[in-house]
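S.K.: Structure file upload.csv (CSV, C-alpha atoms) is given on the next line.
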chain,number,residue,atom,x,y,z
A,1,MET,CA,35.4,5.2,-61.4
A,2,SER,CA,33.9,6.6,-58.2
A,3,VAL,CA,33.0,10.2,-57.8
A,4,TYR,CA,31.7,10.9,-54.3
A,5,ILE,CA,29.7,14.1,-54.1
A,6,GLU,CA,28.7,15.7,-50.9
A,7,ASN,CA,26.4,18.7,-50.9
A,8,GLU,CA,26.9,20.8,-47.8
A,9,TYR,CA,25.3,23.9,-49.4
A,10,ASP,CA,22.4,25.1,-47.3
A,11,GLU,CA,20.2,26.2,-50.2
A,12,ILE,CA,18.6,24.4,-53.1
A,13,ILE,CA,20.8,24.0,-56.1
A,14,HIS,CA,18.7,24.4,-59.2
A,15,ILE,CA,21.0,22.6,-61.7
A,16,ASP,CA,21.8,18.9,-62.0
A,17,TYR,CA,25.2,19.4,-60.4
A,18,GLU,CA,25.9,15.7,-59.9
A,19,THR,CA,25.6,14.9,-63.6
A,20,ILE,CA,27.7,18.0,-64.5
A,21,ILE,CA,30.5,17.1,-62.1
A,22,ILE,CA,30.6,13.4,-63.0
A,23,SER,CA,30.6,14.1,-66.7
A,24,VAL,CA,33.5,16.6,-66.4
A,25,VAL,CA,35.5,14.3,-64.1
A,26,ASN,CA,35.1,11.4,-66.6
A,27,GLU,CA,36.0,13.7,-69.6
A,28,ALA,CA,39.1,15.0,-67.7
A,29,LEU,CA,40.2,11.5,-67.0
A,30,ASP,CA,39.7,10.5,-70.7
A,31,PHE,CA,41.4,13.7,-71.9
A,32,ILE,CA,44.5,13.2,-69.8
A,33,GLY,CA,44.6,9.5,-70.6
A,34,CYS,CA,44.5,8.1,-67.1
A,35,PRO,CA,45.1,4.4,-67.3
A,36,TYR,CA,43.4,3.6,-64.0
A,37,GLU,CA,39.9,3.6,-62.5
A,38,CYS,CA,40.0,6.5,-60.1
A,39,GLU,CA,38.3,7.9,-57.0
A,40,VAL,CA,37.5,11.6,-56.6
A,41,ASN,CA,35.7,13.3,-53.7
A,42,VAL,CA,33.8,16.6,-54.4
A,43,THR,CA,32.2,18.7,-51.7
A,44,ILE,CA,29.9,21.7,-52.5
A,45,VAL,CA,30.0,24.4,-49.8
A,46,ASP,CA,29.1,28.0,-49.3
A,47,ASN,CA,31.5,31.0,-49.2
A,48,GLU,CA,31.9,30.9,-45.4
A,49,LYS,CA,32.9,27.2,-45.4
A,50,ILE,CA,35.4,27.5,-48.2
A,51,ARG,CA,36.8,30.7,-46.6
A,52,GLU,CA,37.5,28.7,-43.4
A,53,ILE,CA,39.1,25.8,-45.3
A,54,ASN,CA,41.2,28.3,-47.3
A,55,ARG,CA,42.3,30.0,-44.1
A,56,GLN,CA,43.2,26.6,-42.5
A,57,HIS,CA,45.1,25.2,-45.5
A,58,ARG,CA,46.5,28.2,-47.3
A,59,LYS,CA,46.5,30.9,-44.6
A,60,ILE,CA,44.2,33.1,-46.8
A,61,ALA,CA,41.2,34.3,-44.9
A,62,ALA,CA,39.0,34.9,-47.9
A,63,PRO,CA,36.5,32.8,-49.9
A,64,THR,CA,37.7,31.3,-53.2
A,65,ASP,CA,35.9,29.5,-55.9
A,66,VAL,CA,37.5,26.1,-55.7
A,67,LEU,CA,40.2,24.2,-53.7
A,68,SER,CA,42.0,21.1,-54.8
A,69,PHE,CA,43.7,18.7,-52.5
A,70,PRO,CA,45.7,16.2,-54.6
A,71,LEU,CA,46.7,12.9,-52.9
A,72,LEU,CA,49.4,12.1,-55.5
A,73,ASN,CA,52.8,13.6,-56.1
A,74,TYR,CA,53.6,13.6,-59.8
A,75,GLY,CA,57.1,13.6,-61.3
A,76,GLN,CA,55.6,15.2,-64.3
A,77,ALA,CA,52.0,16.5,-64.5
A,78,GLY,CA,49.6,14.0,-66.0
A,79,ASP,CA,52.2,11.1,-65.9
A,80,PHE,CA,50.7,8.2,-64.1
A,81,SER,CA,53.5,5.8,-64.7
A,82,ALA,CA,55.1,6.5,-61.2
A,83,PHE,CA,52.1,5.0,-59.5
A,84,GLU,CA,52.2,1.5,-60.9
A,85,GLN,CA,54.1,0.2,-57.9
A,86,CYS,CA,52.5,2.5,-55.3
A,87,LEU,CA,50.2,0.3,-53.3
A,88,GLU,CA,49.1,3.2,-51.0
A,89,CYS,CA,48.0,5.2,-54.0
A,90,PHE,CA,45.1,2.8,-54.6
A,91,HIS,CA,42.1,2.3,-52.5
A,92,PRO,CA,42.5,-1.1,-50.7
A,93,ASP,CA,38.9,-2.2,-51.3
A,94,THR,CA,38.1,-0.9,-54.8
A,95,GLY,CA,41.6,-0.8,-56.3
A,96,GLU,CA,40.9,2.7,-57.6
A,97,LEU,CA,43.7,5.3,-57.9
A,98,MET,CA,42.8,7.9,-55.2
A,99,LEU,CA,43.2,11.3,-56.9
A,100,GLY,CA,42.1,13.6,-54.1
A,101,ASP,CA,39.5,16.1,-53.0
A,102,ILE,CA,37.7,19.0,-54.7
A,103,ILE,CA,35.8,21.7,-52.7
A,104,ILE,CA,33.6,24.1,-54.7
A,105,SER,CA,31.9,27.2,-53.4
A,106,TYR,CA,28.4,27.2,-54.9
A,107,ASP,CA,28.1,30.9,-53.9
A,108,LYS,CA,31.1,31.6,-56.2
A,109,VAL,CA,29.5,29.5,-59.0
A,110,LEU,CA,26.4,31.7,-58.8
A,111,SER,CA,28.4,35.0,-58.7
A,112,GLN,CA,31.0,34.1,-61.3
A,113,ALA,CA,28.4,32.8,-63.7
A,114,GLU,CA,26.7,36.2,-63.5
A,115,GLU,CA,30.0,38.1,-63.6
A,116,TYR,CA,31.3,36.2,-66.7
A,117,ASN,CA,27.8,36.1,-68.3
A,118,HIS,CA,27.6,32.4,-68.8
A,119,SER,CA,25.5,29.6,-67.3
A,120,LEU,CA,25.8,27.9,-64.0
A,121,LYS,CA,26.5,24.7,-65.8
A,122,ARG,CA,29.5,26.2,-67.5
A,123,GLU,CA,30.8,27.7,-64.3
A,124,LEU,CA,30.5,24.5,-62.3
A,125,GLY,CA,32.0,22.6,-65.2
A,126,PHE,CA,34.9,25.0,-65.5
A,127,LEU,CA,35.7,24.8,-61.8
A,128,THR,CA,35.5,21.0,-61.9
A,129,ALA,CA,37.8,20.8,-64.9
A,130,HIS,CA,40.2,23.2,-63.4
A,131,SER,CA,40.4,21.3,-60.2
A,132,MET,CA,40.8,17.9,-61.9
A,133,LEU,CA,43.9,19.3,-63.7
A,134,HIS,CA,45.3,20.2,-60.3
A,135,LEU,CA,44.6,16.6,-59.1
A,136,PHE,CA,46.6,15.5,-62.2
A,137,GLY,CA,49.6,17.6,-61.0
A,138,PHE,CA,49.1,20.7,-63.2
A,139,ASP,CA,49.5,24.2,-61.8
A,140,HIS,CA,49.3,27.8,-62.9
A,141,ILE,CA,52.0,29.6,-61.0
A,142,GLU,CA,53.9,30.6,-64.2
A,143,GLU,CA,52.1,32.3,-67.1
A,144,ASN,CA,52.9,29.5,-69.6
A,145,GLU,CA,51.3,27.0,-67.1
A,146,ARG,CA,48.2,29.1,-66.8
A,147,VAL,CA,47.9,29.3,-70.6
A,148,GLU,CA,48.3,25.5,-70.8
A,149,MET,CA,45.7,24.8,-68.1
A,150,GLU,CA,43.3,27.2,-69.7
A,151,LYS,CA,43.6,25.4,-73.1
A,152,MET,CA,43.1,22.0,-71.5
A,153,GLN,CA,40.1,23.2,-69.5
A,154,ASN,CA,38.5,24.6,-72.6
A,155,ILE,CA,39.1,21.3,-74.5
A,156,ILE,CA,37.5,19.3,-71.7
A,157,LEU,CA,34.4,21.5,-71.6
A,158,GLU,CA,34.1,21.7,-75.4
A,159,ASN,CA,34.3,17.9,-75.7
A,160,LEU,CA,31.2,17.9,-73.5
A,161,GLY,CA,29.4,20.7,-75.4
A,162,ILE,CA,29.7,23.0,-72.3
A,163,THR,CA,30.4,26.4,-73.7
A,164,ARG,CA,29.9,30.0,-72.6
A,165,GLU,CA,26.6,30.0,-74.4
A,166,ASN,CA,25.0,27.1,-72.4
Transcribe the structure of this file into structure tokens.

M.R.:
Amino acid sequence: MSVYIENEYDEIIHIDYETIIISVVNEALDFIGCPYECEVNVTIVDNEKIREINRQHRKIAAPTDVLSFPLLNYGQAGDFSAFEQCLECFHPDTGELMLGDIIISYDKVLSQAEEYNHSLKRELGFLTAHSMLHLFGFDHIEENERVEMEKMQNIILENLGITREN
């Protein structure tokens, strides 16, 4: 599995963000039962950069905490069977299933960790888990979808021992 992390945040990040992101990506893949080696790209930015990306792609001129750009179209969320015969879904050099891109605002990680009274590790882990579920085709437009995603995010984080207390 390849997790490419690009830090475009201008200030020092005082947590081991690479280890947190990689462990959550791996746990999310295990949790969902992905049968393939995968590729995921993660970029850490500030509020201004994510605001611009949000404006360009979603026509919302405001910063958000995380953006997900899935490369795959699922018939059913979390069902990878449709990709068996999809040659363009796999990286030509590595053979890895290309899931997509995650963009995280570290400014939001800082502010939301404080707002929700939990650690930076927990907030970064939560945003990564949330975005991975989007890369698997899950969404939270309807209330029942939101509840399902929240349960899955919590299980992924609990499996790693990442709780609100740490």

S.K.: Write out as a PyMOL selection string which residues come within 9 Å of range 55-71 of chain A when counting all atoms listed in the file, dropping same-chain ones fewer than 2 positions away.

M.R.: chain A and resi 46-53+73+89+98-109+112+127-128+130-132+134-137

S.K.: Work out how far CA of Glu39 in chain A is from CA of Tyr9 in chain A, in Å to one decimal.

M.R.: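 The value is 22.0 Å.
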
S.K.: For each of A:Ile22, A:Ile15, A:Ala77, A:Leu87, take the minimum atom-to-atom distance to Leu160 in chain A, counting only C-alpha atoms, then give the residue where this is smallest.

M.R.: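 So, comparing all the options, the nearest one is A:Ile22.
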
S.K.: Rounded to one decimal place, report the CA of Phe90 in chain A-CA of Ser2 in chain A distance in Å.

M.R.: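 According to the coordinates, CA of Phe90 in chain A and CA of Ser2 in chain A are separated by 12.4 Å.
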
S.K.: What lies within 8 Å of Phe138 in chain A using only C-alpha atoms, ignoring chain neighbours under 6 positions off, as a ChimeraX atom specification?

M.R.: /A:77-78,145,149

S.K.: Give me the residues near Leu157 in chain A as a list in words, where near means some atom within 9 Å (using only C-alpha atoms) and where sequence neighbours in that chain fewer than 2 positions away do not count.

M.R.: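 The residues satisfying every condition are Val24, Glu27, Ala28, Arg122, Gly125, Phe126, Ala129, Met152, Gln153, Asn154, Ile155, Asn159, Leu160, Gly161, Ile162 and Thr163 of chain A.
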
S.K.: Check the smallest atom-to-atom distance from each of A:Ile44, A:Ile141, A:Ile156, A:Arg164 to Asp30 in chain A using only C-alpha atoms, then report the winner.

M.R.: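 Smallest separation from Asp30 in chain A among the options: A:Ile156.
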
S.K.: With N, CA, C and O atoms as the target, complete range 87-101 of chain A and hand it back as a PDB file, in the coordinates of the input.

M.R.:
ATOM      1  N   LEU A  87      51.372   0.987 -53.866  1.00  0.00           N
ATOM      2  CA  LEU A  87      50.200   0.300 -53.300  1.00  0.00           C
ATOM      3  C   LEU A  87      49.319   1.310 -52.505  1.00  0.00           C
ATOM      4  O   LEU A  87      48.091   1.225 -52.554  1.00  0.00           O
ATOM      5  N   GLU A  88      49.928   2.243 -51.771  1.00  0.00           N
ATOM      6  CA  GLU A  88      49.100   3.200 -51.000  1.00  0.00           C
ATOM      7  C   GLU A  88      48.418   4.238 -51.810  1.00  0.00           C
ATOM      8  O   GLU A  88      47.592   4.981 -51.289  1.00  0.00           O
ATOM      9  N   CYS A  89      48.695   4.293 -53.100  1.00  0.00           N
ATOM     10  CA  CYS A  89      48.000   5.200 -54.000  1.00  0.00           C
ATOM     11  C   CYS A  89      46.629   4.710 -54.420  1.00  0.00           C
ATOM     12  O   CYS A  89      45.822   5.468 -54.952  1.00  0.00           O
ATOM     13  N   PHE A  90      46.386   3.432 -54.175  1.00  0.00           N
ATOM     14  CA  PHE A  90      45.100   2.800 -54.600  1.00  0.00           C
ATOM     15  C   PHE A  90      44.293   2.417 -53.402  1.00  0.00           C
ATOM     16  O   PHE A  90      44.812   1.965 -52.383  1.00  0.00           O
ATOM     17  N   HIS A  91      42.999   2.620 -53.548  1.00  0.00           N
ATOM     18  CA  HIS A  91      42.100   2.300 -52.500  1.00  0.00           C
ATOM     19  C   HIS A  91      42.150   0.770 -52.212  1.00  0.00           C
ATOM     20  O   HIS A  91      42.042  -0.022 -53.155  1.00  0.00           O
ATOM     21  N   PRO A  92      42.332   0.356 -50.960  1.00  0.00           N
ATOM     22  CA  PRO A  92      42.500  -1.100 -50.700  1.00  0.00           C
ATOM     23  C   PRO A  92      41.293  -1.938 -51.008  1.00  0.00           C
ATOM     24  O   PRO A  92      41.448  -3.121 -51.312  1.00  0.00           O
ATOM     25  N   ASP A  93      40.092  -1.361 -50.979  1.00  0.00           N
ATOM     26  CA  ASP A  93      38.900  -2.200 -51.300  1.00  0.00           C
ATOM     27  C   ASP A  93      38.494  -2.148 -52.721  1.00  0.00           C
ATOM     28  O   ASP A  93      38.079  -3.170 -53.266  1.00  0.00           O
ATOM     29  N   THR A  94      38.618  -0.979 -53.373  1.00  0.00           N
ATOM     30  CA  THR A  94      38.100  -0.900 -54.800  1.00  0.00           C
ATOM     31  C   THR A  94      39.251  -1.002 -55.790  1.00  0.00           C
ATOM     32  O   THR A  94      38.971  -1.257 -56.954  1.00  0.00           O
ATOM     33  N   GLY A  95      40.497  -0.774 -55.376  1.00  0.00           N
ATOM     34  CA  GLY A  95      41.600  -0.800 -56.300  1.00  0.00           C
ATOM     35  C   GLY A  95      41.716   0.468 -57.159  1.00  0.00           C
ATOM     36  O   GLY A  95      42.527   0.543 -58.072  1.00  0.00           O
ATOM     37  N   GLU A  96      40.895   1.459 -56.851  1.00  0.00           N
ATOM     38  CA  GLU A  96      40.900   2.700 -57.600  1.00  0.00           C
ATOM     39  C   GLU A  96      42.036   3.624 -57.170  1.00  0.00           C
ATOM     40  O   GLU A  96      42.338   3.709 -55.977  1.00  0.00           O
ATOM     41  N   LEU A  97      42.637   4.310 -58.135  1.00  0.00           N
ATOM     42  CA  LEU A  97      43.700   5.300 -57.900  1.00  0.00           C
ATOM     43  C   LEU A  97      42.977   6.486 -57.159  1.00  0.00           C
ATOM     44  O   LEU A  97      42.008   7.058 -57.675  1.00  0.00           O
ATOM     45  N   MET A  98      43.451   6.863 -55.988  1.00  0.00           N
ATOM     46  CA  MET A  98      42.800   7.900 -55.200  1.00  0.00           C
ATOM     47  C   MET A  98      43.461   9.268 -55.605  1.00  0.00           C
ATOM     48  O   MET A  98      44.607   9.554 -55.240  1.00  0.00           O
ATOM     49  N   LEU A  99      42.716  10.062 -56.380  1.00  0.00           N
ATOM     50  CA  LEU A  99      43.200  11.300 -56.900  1.00  0.00           C
ATOM     51  C   LEU A  99      43.227  12.436 -55.869  1.00  0.00           C
ATOM     52  O   LEU A  99      44.169  13.225 -55.800  1.00  0.00           O
ATOM     53  N   GLY A 100      42.157  12.566 -55.106  1.00  0.00           N
ATOM     54  CA  GLY A 100      42.100  13.600 -54.100  1.00  0.00           C
ATOM     55  C   GLY A 100      40.717  14.226 -53.971  1.00  0.00           C
ATOM     56  O   GLY A 100      39.719  13.640 -54.383  1.00  0.00           O
ATOM     57  N   ASP A 101      40.704  15.425 -53.397  1.00  0.00           N
ATOM     58  CA  ASP A 101      39.500  16.100 -53.000  1.00  0.00           C
ATOM     59  C   ASP A 101      39.337  17.448 -53.759  1.00  0.00           C
ATOM     60  O   ASP A 101      40.322  18.162 -53.944  1.00  0.00           O
TER      61      ASP A 101
END
